[in-house]
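Enquirer: Next up is a structure, given as structure tokens.
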Amino acid sequence: MSANDHFVIIGAGHAGGVAVQALRGAGHEGPITLIGDEPHLPYERPPLSKELLQTAGGDGFRLMRDKAYYEENNVTLKLGVKALGIDASSQRITLSDGTNLPYDKVLLTTGGAVREVDVPGADLKGIHYLRTIDDSRAIAQSLIEGNNLVVVGGGFIGLEVAASARARGVNVTVLEAAPQLMGRALPADIAAVFLSLHEENGVTVRLNDGLRAFGGADHITRVEAVSGESIAADFVVVGIGIVPETELAVSAGLDIENGITVDEFARTSNPNIYAAGDNTNHFNPLLGRHLRLEAWQNAQNQTAVAAQNMCGSDTVYAETPWVWSDQYDVNLQMAGQPAGWNDLIVRGDLPGRDFIAFQLADGKLDAAIAVNRARDMRVARRLMDASASLNIDDLANDEISMREILKSATS
């Protein structure tokens with residue numbers, strides 16, 4: 001690697017912003033170009049469904065760095081420009097502005113695209129998806145007290161939007177085709193806790209009922225459910241997951257399987273191309289398998305590892321998966337990727353929304369779910385990283401502190 005190598009980052013979201021800082025932090029002195037199809041500088045994404053919607057005026061918008069930072073660090077910004085393809089043989093990138101950009105190494109931080117619904121009326125005005133700051137701002141314009149919102153999808157994003165909308169006095173109905181909320185993430189007992197939480201806050205939740213069609217002349221006025229019910233809607237937010245962005249990887253001839261396949265060093269099948277974030281299916285040495293994560297932690301930390309390795313390091317990305325969600329005054333955190341939830345060990349008050357639940361495998365902590373117990377979750381993550389053998393009775397006993405359990409298990 002030459003000190004003058006040109007590194008190109010494609011994707012100017014959170015991961016792209018991290019990549020710039022990490023490359024400079026790792027000692028790369030050569031030119032960096034950051035390409036993003038949004039016109040904005042890299043910004044924090046978690047507030048899009050939370051703080052940015054909860055307050056009039058959108059006070060939750062935070063740039064990762066101001067424009068001066070990029071100028072001072074010799075970073076060329078190509079914002080509002082889309083990368084159309086990568087010719088890996090000539091090491092050039094075709095851009096939507098008509099130019100071709102040469103590179104020495106590329107980092108793909110393109111994330112994912114929202115998964116769209118394909119039903120009658122899907123092109124009506126007032127139907128929103130949430131992925132960008134502009135999406136969030138468009139939704140915020142409809143958060144008027146008394147308006148009727150239908151959220152399609154009872155996952156993290158949909159429920160965070162529902163909670164934010166209720167804070168603004170909006171009437172909310174959540175339409176979820178599955179028999180429980182957050183079905184891809186939570187066991188049924190804990191999902192029921194969040195069903196009660198939303199119902200107590202005035203949200204109408206319709207489980208086991210999918211979307212059949214949208215209705216209205218030009219603008220959405222109703223949502224037609226599979227059950228036959230017609231639900232009044234002044235606007236709709238669809239939150240049914242994302243699809244990893246792999247078009248550029250395809251053009252470069254990279255290996256793809258449920259995202260861009262990368263190893264524990266964030267390297268793709270091409271030695272000059274790295275990838276990190278929501279778009280990757282990465283190998284996790286702690287789990288011994290590949291997985292794709294849609295999480296802030298992954299976008300942040302895997303990207304930092306990729307940047308170090310682009311600069312000549314051999315740093316392994318090996319972390320226990322961790323995600324969180326804030327809904328009303330309730331903080332939910334999850335760590336681990338268990339094969340399934342069974343025989344949960346619960347410490348604390350489950351219906352009172354003050355607990356942490358554990359899933360064991362071979363006597364060791366495989367996963368944990370904490371509700372309003374961030375401190376306990378920090379200790380649980382350390383127990384998972386240490387692969388410590390644990391006593392079930394101690395875990396269930398709220399009189400024994402988690403720190404005591406950690407000290408005993410790791411001493």
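In the structure tokens, chains take the letters A, B, ... in the order shown, each chain's residues start at 1, and ligands count up from 1 in the order shown.
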Apply DSSP to the backbone of this structure and, from region 15-249 of chain A, keep only the residues in alpha helix (DSSP H); write these as a VMD selection string.
Expert: chain A and resid 15 to 25 51 to 54 67 to 72 133 to 140 156 to 167 188 to 200 247 to 249
Enquirer: Residues within 12 Å of Val203 (chain A), please, as number ranges by chain. Count only C-alpha atoms; anything in the same chain fewer than 5 positions from it doesn't count.
Expert: A: 148-151, 154, 158-167, 169-175, 194-198, 328
Enquirer: Which neighbours of Val18 (chain A) fall inside 8 Å, counting only C-alpha atoms, when residues of the same chain fewer than 6 positions from it are skipped, and could you give them as a PyMOL selection string?
Expert: chain A and resi 300+303-304
Enquirer: Please dump the current selection as a compact mmCIF listing (two decimals), in the first residue's frame; keep N, CA and C atoms.
Expert:
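To be explicit, this is the file written out as part_39.txt:
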# COMPACT_ATOMS: atom_id res chain seq x y z
N GLN A 300 -21.17 0.87 12.69
CA GLN A 300 -20.10 1.63 13.35
C GLN A 300 -18.81 0.82 13.43
N THR A 303 -17.25 -1.11 10.18
CA THR A 303 -16.66 -0.13 9.28
C THR A 303 -15.29 0.31 9.78
N ALA A 304 -15.16 0.53 11.08
CA ALA A 304 -13.87 0.93 11.64
C ALA A 304 -12.81 -0.15 11.39
Enquirer: Quick one: pick out all strand (DSSP E or B) residues within region 135-173 of chain A from a backbone DSSP run and write them as a list in words.
Expert: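 Listing strand (DSSP E or B) positions across region 135-173 of chain A yields Asn148, Leu149, Val150, Val151, Val152, Asn171, Val172 and Thr173 of chain A.
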Enquirer: How about saving the chosen residues, N, CA and C atoms kept, as a PDB file, in the first residue's frame?
Expert:
ATOM      1  N   ASN A 148     -54.738  10.511  11.317  1.00  0.00           N
ATOM      2  CA  ASN A 148     -54.765   9.057  11.430  1.00  0.00           C
ATOM      3  C   ASN A 148     -53.591   8.455  10.665  1.00  0.00           C
ATOM      4  N   LEU A 149     -52.742   7.736  11.393  1.00  0.00           N
ATOM      5  CA  LEU A 149     -51.589   7.063  10.801  1.00  0.00           C
ATOM      6  C   LEU A 149     -51.793   5.558  10.871  1.00  0.00           C
ATOM      7  N   VAL A 150     -51.533   4.882   9.757  1.00  0.00           N
ATOM      8  CA  VAL A 150     -51.467   3.428   9.757  1.00  0.00           C
ATOM      9  C   VAL A 150     -50.016   3.027   9.510  1.00  0.00           C
ATOM     10  N   VAL A 151     -49.468   2.252  10.425  1.00  0.00           N
ATOM     11  CA  VAL A 151     -48.117   1.726  10.290  1.00  0.00           C
ATOM     12  C   VAL A 151     -48.232   0.282   9.808  1.00  0.00           C
ATOM     13  N   VAL A 152     -47.622  -0.003   8.678  1.00  0.00           N
ATOM     14  CA  VAL A 152     -47.616  -1.361   8.137  1.00  0.00           C
ATOM     15  C   VAL A 152     -46.314  -2.025   8.559  1.00  0.00           C
ATOM     16  N   ASN A 171     -53.373   9.647  15.921  1.00  0.00           N
ATOM     17  CA  ASN A 171     -54.043   8.363  16.102  1.00  0.00           C
ATOM     18  C   ASN A 171     -53.312   7.300  15.283  1.00  0.00           C
ATOM     19  N   VAL A 172     -52.950   6.190  15.917  1.00  0.00           N
ATOM     20  CA  VAL A 172     -52.094   5.207  15.256  1.00  0.00           C
ATOM     21  C   VAL A 172     -52.713   3.823  15.280  1.00  0.00           C
ATOM     22  N   THR A 173     -52.686   3.174  14.114  1.00  0.00           N
ATOM     23  CA  THR A 173     -53.014   1.758  13.999  1.00  0.00           C
ATOM     24  C   THR A 173     -51.813   1.036  13.415  1.00  0.00           C
TER      25      THR A 173
END
Enquirer: Between CA of Val316 (chain A) and CA of Asn270 (chain A), what is the distance, to one decimal in Å?
Expert: 17.7 Å
Enquirer: Give the answer as one residue: which of A:Trp296, A:Val114, A:Asn147, A:His290 has the shortest atom-to-atom distance to Arg45 (chain A), using only C-alpha atoms?
Expert: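 Closest residue, counting only C-alpha atoms: A:Trp296.
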Enquirer: For Thr280 (chain A), which residue among A:Ile93, A:Ala396, A:Ala386, A:Ala15 is the nearest when counting only C-alpha atoms?
Expert: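 Using only C-alpha atoms, the shortest distance to Thr280 (chain A) belongs to A:Ala15.
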Enquirer: Just the number, please: distance in Å from CA of Pro31 (chain A) to CA of Val8 (chain A), one decimal.
Expert: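 Value for the CA of Pro31 (chain A)-CA of Val8 (chain A) distance: 8.5 Å.
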Enquirer: With only C-alpha atoms as the counted atoms, please give the residues lying no more than 10 Å from Pro187 (chain A), apart from itself and same-chain residues fewer than 5 positions off, as an MDAnalysis selection string.
Expert: chainID A and resid 180:182 192 340:342 344 369
Enquirer: Give the answer as one residue: which of A:Glu199, A:Glu176, A:Asp104, A:Asp37 has the shortest atom-to-atom distance to Ala225 (chain A), using only C-alpha atoms?
Expert: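 Between A:Glu199, A:Glu176, A:Asp104, A:Asp37, the residue approaching Ala225 (chain A) most closely is A:Glu176.
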Enquirer: Using only C-alpha atoms, pick whichever of A:Ala68, A:Ala185, A:Ala26, A:Ile9 has the shortest atom-to-atom distance to Gly312 (chain A).
Expert: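 Using only C-alpha atoms, the shortest distance to Gly312 (chain A) belongs to A:Ala26.
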Enquirer: In terms of the shortest atom-to-atom distance over only C-alpha atoms, which of A:Glu399, A:Asp278, A:Asp66, A:Asp349 is closest to Thr109 (chain A)?
Expert: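 Among the listed residues, the smallest separation from Thr109 (chain A) belongs to A:Asp278.
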Enquirer: Once you count only C-alpha atoms, what closest atom pair and distance in Å to one decimal does each residue of region 206-288 of chain A within 12 Å of region 120-143 of chain A have, with rows by chain and rising residue number, as a Markdown table?
Expert:
| residue | atom | partner | partner_atom | distance |
| --- | --- | --- | --- | --- |
| A:Leu211 | CA | A:Pro120 | CA | 10.0 |
| A:Arg212 | CA | A:Pro120 | CA | 7.7 |
| A:Ala213 | CA | A:Pro120 | CA | 5.0 |
| A:Phe214 | CA | A:Gly121 | CA | 4.6 |
| A:Gly215 | CA | A:Gly121 | CA | 6.0 |
| A:Gly216 | CA | A:Leu124 | CA | 7.3 |
| A:Ala217 | CA | A:Leu124 | CA | 7.9 |
| A:Asp218 | CA | A:Leu124 | CA | 5.8 |
| A:His219 | CA | A:Lys125 | CA | 4.5 |
| A:Ile220 | CA | A:Gly126 | CA | 5.6 |
| A:Thr221 | CA | A:Gly126 | CA | 8.7 |
| A:Arg222 | CA | A:Gly121 | CA | 10.0 |
| A:Val223 | CA | A:Gly121 | CA | 9.3 |
| A:Glu224 | CA | A:Pro120 | CA | 9.8 |
| A:Ala225 | CA | A:Pro120 | CA | 11.9 |
| A:Ala233 | CA | A:Gly126 | CA | 9.1 |
| A:Asp234 | CA | A:Gly126 | CA | 7.2 |
| A:Phe235 | CA | A:Gly126 | CA | 4.8 |
| A:Val236 | CA | A:Ile127 | CA | 4.8 |
| A:Val237 | CA | A:His128 | CA | 4.7 |
| A:Val238 | CA | A:Tyr129 | CA | 5.3 |
| A:Gly239 | CA | A:Tyr129 | CA | 6.5 |
| A:Ile240 | CA | A:Tyr129 | CA | 9.2 |
| A:Gly241 | CA | A:Leu130 | CA | 10.0 |
| A:Ile242 | CA | A:Arg131 | CA | 9.0 |
| A:Val243 | CA | A:Arg131 | CA | 11.6 |
Enquirer: Create the file for the chosen residues now, containing C-alpha atoms and written as a PDB file, in the first residue's frame.
Expert:
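Output saved as again.pdb:
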ATOM      1  CA  LEU A 211     -52.127  -5.468   3.965  1.00  0.00           C
ATOM      2  CA  ARG A 212     -54.409  -6.030   0.958  1.00  0.00           C
ATOM      3  CA  ALA A 213     -54.538  -2.593  -0.685  1.00  0.00           C
ATOM      4  CA  PHE A 214     -54.366   1.163  -0.234  1.00  0.00           C
ATOM      5  CA  GLY A 215     -57.363   3.290  -1.080  1.00  0.00           C
ATOM      6  CA  GLY A 216     -57.865   6.866  -2.218  1.00  0.00           C
ATOM      7  CA  ALA A 217     -58.219   8.934  -5.388  1.00  0.00           C
ATOM      8  CA  ASP A 218     -54.833  10.676  -5.461  1.00  0.00           C
ATOM      9  CA  HIS A 219     -53.837  10.709  -1.789  1.00  0.00           C
ATOM     10  CA  ILE A 220     -54.166   7.842   0.674  1.00  0.00           C
ATOM     11  CA  THR A 221     -57.446   7.865   2.625  1.00  0.00           C
ATOM     12  CA  ARG A 222     -57.740   4.270   3.811  1.00  0.00           C
ATOM     13  CA  VAL A 223     -55.903   0.989   4.210  1.00  0.00           C
ATOM     14  CA  GLU A 224     -57.656  -2.213   3.225  1.00  0.00           C
ATOM     15  CA  ALA A 225     -56.638  -5.135   5.462  1.00  0.00           C
ATOM     16  CA  ALA A 233     -55.563   6.828   7.047  1.00  0.00           C
ATOM     17  CA  ASP A 234     -54.337  10.369   6.493  1.00  0.00           C
ATOM     18  CA  PHE A 235     -50.893   8.911   5.902  1.00  0.00           C
ATOM     19  CA  VAL A 236     -49.073   5.575   6.072  1.00  0.00           C
ATOM     20  CA  VAL A 237     -45.597   4.476   7.097  1.00  0.00           C
ATOM     21  CA  VAL A 238     -44.431   1.117   5.765  1.00  0.00           C
ATOM     22  CA  GLY A 239     -41.713  -0.582   7.800  1.00  0.00           C
ATOM     23  CA  ILE A 240     -41.192  -4.159   6.640  1.00  0.00           C
ATOM     24  CA  GLY A 241     -37.406  -4.339   6.567  1.00  0.00           C
ATOM     25  CA  ILE A 242     -34.655  -3.579   4.098  1.00  0.00           C
ATOM     26  CA  VAL A 243     -32.954  -5.288   1.187  1.00  0.00           C
TER      27      VAL A 243
END
Enquirer: Which one of A:Leu286, A:Ile190, A:Leu293, A:Leu53 sits closest to Met384 (chain A) if you count only C-alpha atoms?
Expert: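 Counting only C-alpha atoms, the residue closest to Met384 (chain A) is A:Leu286.
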Enquirer: When you look at His14 (chain A) with a cut-off of 6 Å (counting only C-alpha atoms), what residues show up, excluding the ones that are within fewer than 2 positions of it in the same chain? I need them as a short mmCIF file (atom, residue, chain, number, x, y, z; two decimals) with C-alpha atoms, in the first residue's frame.
Expert:
data_model
loop_
_atom_site.label_atom_id
_atom_site.label_comp_id
_atom_site.auth_asym_id
_atom_site.auth_seq_id
_atom_site.Cartn_x
_atom_site.Cartn_y
_atom_site.Cartn_z
CA GLY A 16 -19.50 6.17 5.35
CA GLY A 17 -18.95 8.91 7.90
CA PRO A 42 -23.08 11.83 6.80
CA TYR A 43 -25.48 11.93 9.74
CA GLU A 44 -26.67 9.82 12.66
#
Enquirer: Using only C-alpha atoms, determine which residues lie at most 12 Å from region 245-250 of chain A, disregarding the query and same-chain residues fewer than 5 positions distant; provide the list as a ChimeraX atom specification.
Expert: /A:10-11,82-88,92-95,106-115,255-262,268-270,273-281
Enquirer: Taking C-alpha atoms for each residue, export the selection above as a JSON list (two decimals), in the first residue's frame.
Expert:
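Below is the file that was written, out-v3.json:
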[["chain", "number", "residue", "atom", "x", "y", "z"],
["A", 10, "ILE", "CA", -19.30, 4.50, -1.65],
["A", 11, "GLY", "CA", -22.21, 5.24, 0.65],
["A", 82, "LYS", "CA", -24.83, 7.83, -7.53],
["A", 83, "ALA", "CA", -22.21, 5.19, -8.23],
["A", 84, "LEU", "CA", -23.56, 3.17, -11.15],
["A", 85, "GLY", "CA", -20.98, 0.43, -11.48],
["A", 86, "ILE", "CA", -17.50, -0.79, -10.60],
["A", 87, "ASP", "CA", -15.09, -2.17, -13.21],
["A", 88, "ALA", "CA", -12.87, -4.25, -10.95],
["A", 92, "ARG", "CA", -12.70, 2.50, -12.06],
["A", 93, "ILE", "CA", -16.13, 3.56, -10.82],
["A", 94, "THR", "CA", -18.81, 4.91, -13.16],
["A", 95, "LEU", "CA", -20.79, 7.79, -11.64],
["A", 106, "VAL", "CA", -12.96, 0.78, -2.34],
["A", 107, "LEU", "CA", -15.11, 0.47, 0.75],
["A", 108, "LEU", "CA", -18.78, -0.26, 0.09],
["A", 109, "THR", "CA", -20.98, 1.20, 2.84],
["A", 110, "THR", "CA", -24.15, 1.33, 0.77],
["A", 111, "GLY", "CA", -26.44, -0.13, 3.43],
["A", 112, "GLY", "CA", -29.84, -1.26, 2.26],
["A", 113, "ALA", "CA", -32.95, -0.12, 0.43],
["A", 114, "VAL", "CA", -36.37, -0.22, 2.02],
["A", 115, "ARG", "CA", -38.46, -3.26, 1.18],
["A", 255, "ASP", "CA", -19.54, -13.00, -4.04],
["A", 256, "ILE", "CA", -23.08, -12.34, -2.83],
["A", 257, "GLU", "CA", -25.34, -14.34, -0.54],
["A", 258, "ASN", "CA", -27.94, -12.43, 1.49],
["A", 259, "GLY", "CA", -25.72, -9.38, 1.13],
["A", 260, "ILE", "CA", -22.11, -8.89, 0.11],
["A", 261, "THR", "CA", -20.08, -11.80, 1.46],
["A", 262, "VAL", "CA", -17.13, -10.64, 3.56],
["A", 268, "THR", "CA", -14.86, -9.14, -0.13],
["A", 269, "SER", "CA", -13.87, -11.73, -2.74],
["A", 270, "ASN", "CA", -11.86, -8.96, -4.47],
["A", 273, "ILE", "CA", -12.76, -4.01, -2.33],
["A", 274, "TYR", "CA", -14.02, -4.02, 1.26],
["A", 275, "ALA", "CA", -17.58, -3.75, 2.55],
["A", 276, "ALA", "CA", -19.19, -2.99, 5.90],
["A", 277, "GLY", "CA", -22.60, -2.37, 7.44],
["A", 278, "ASP", "CA", -26.15, -3.42, 6.60],
["A", 279, "ASN", "CA", -25.15, -4.56, 3.10],
["A", 280, "THR", "CA", -22.78, -7.30, 4.28],
["A", 281, "ASN", "CA", -23.11, -10.93, 5.23]]
Enquirer: Could you jot down the CA of Ser90 (chain A) to CA of Pro271 (chain A) separation for me, Å, one decimal place?
Expert: 13.6 Å
Enquirer: Excluding Arg373 (chain A) and residues on its chain fewer than 2 positions from it, collect all residues at most 8 Å away from it, counting only C-alpha atoms, and give them as a PyMOL selection string.
Expert: chain A and resi 331+354-356+370-371+375-377
Enquirer: Take the residues from that selection and write them out as a compact mmCIF listing (two decimals), in the first residue's frame, keeping C-alpha atoms.
Expert:
# COMPACT_ATOMS: atom_id res chain seq x y z
CA ASN A 331 -35.51 1.00 26.39
CA ASP A 354 -38.07 -3.82 34.38
CA PHE A 355 -36.18 -7.03 33.64
CA ILE A 356 -33.45 -8.86 31.81
CA ALA A 370 -33.07 -6.25 28.65
CA VAL A 371 -35.96 -3.85 29.19
CA ARG A 375 -26.54 -1.53 33.21
CA ASP A 376 -27.38 -5.24 33.48
CA MET A 377 -27.07 -5.58 29.71
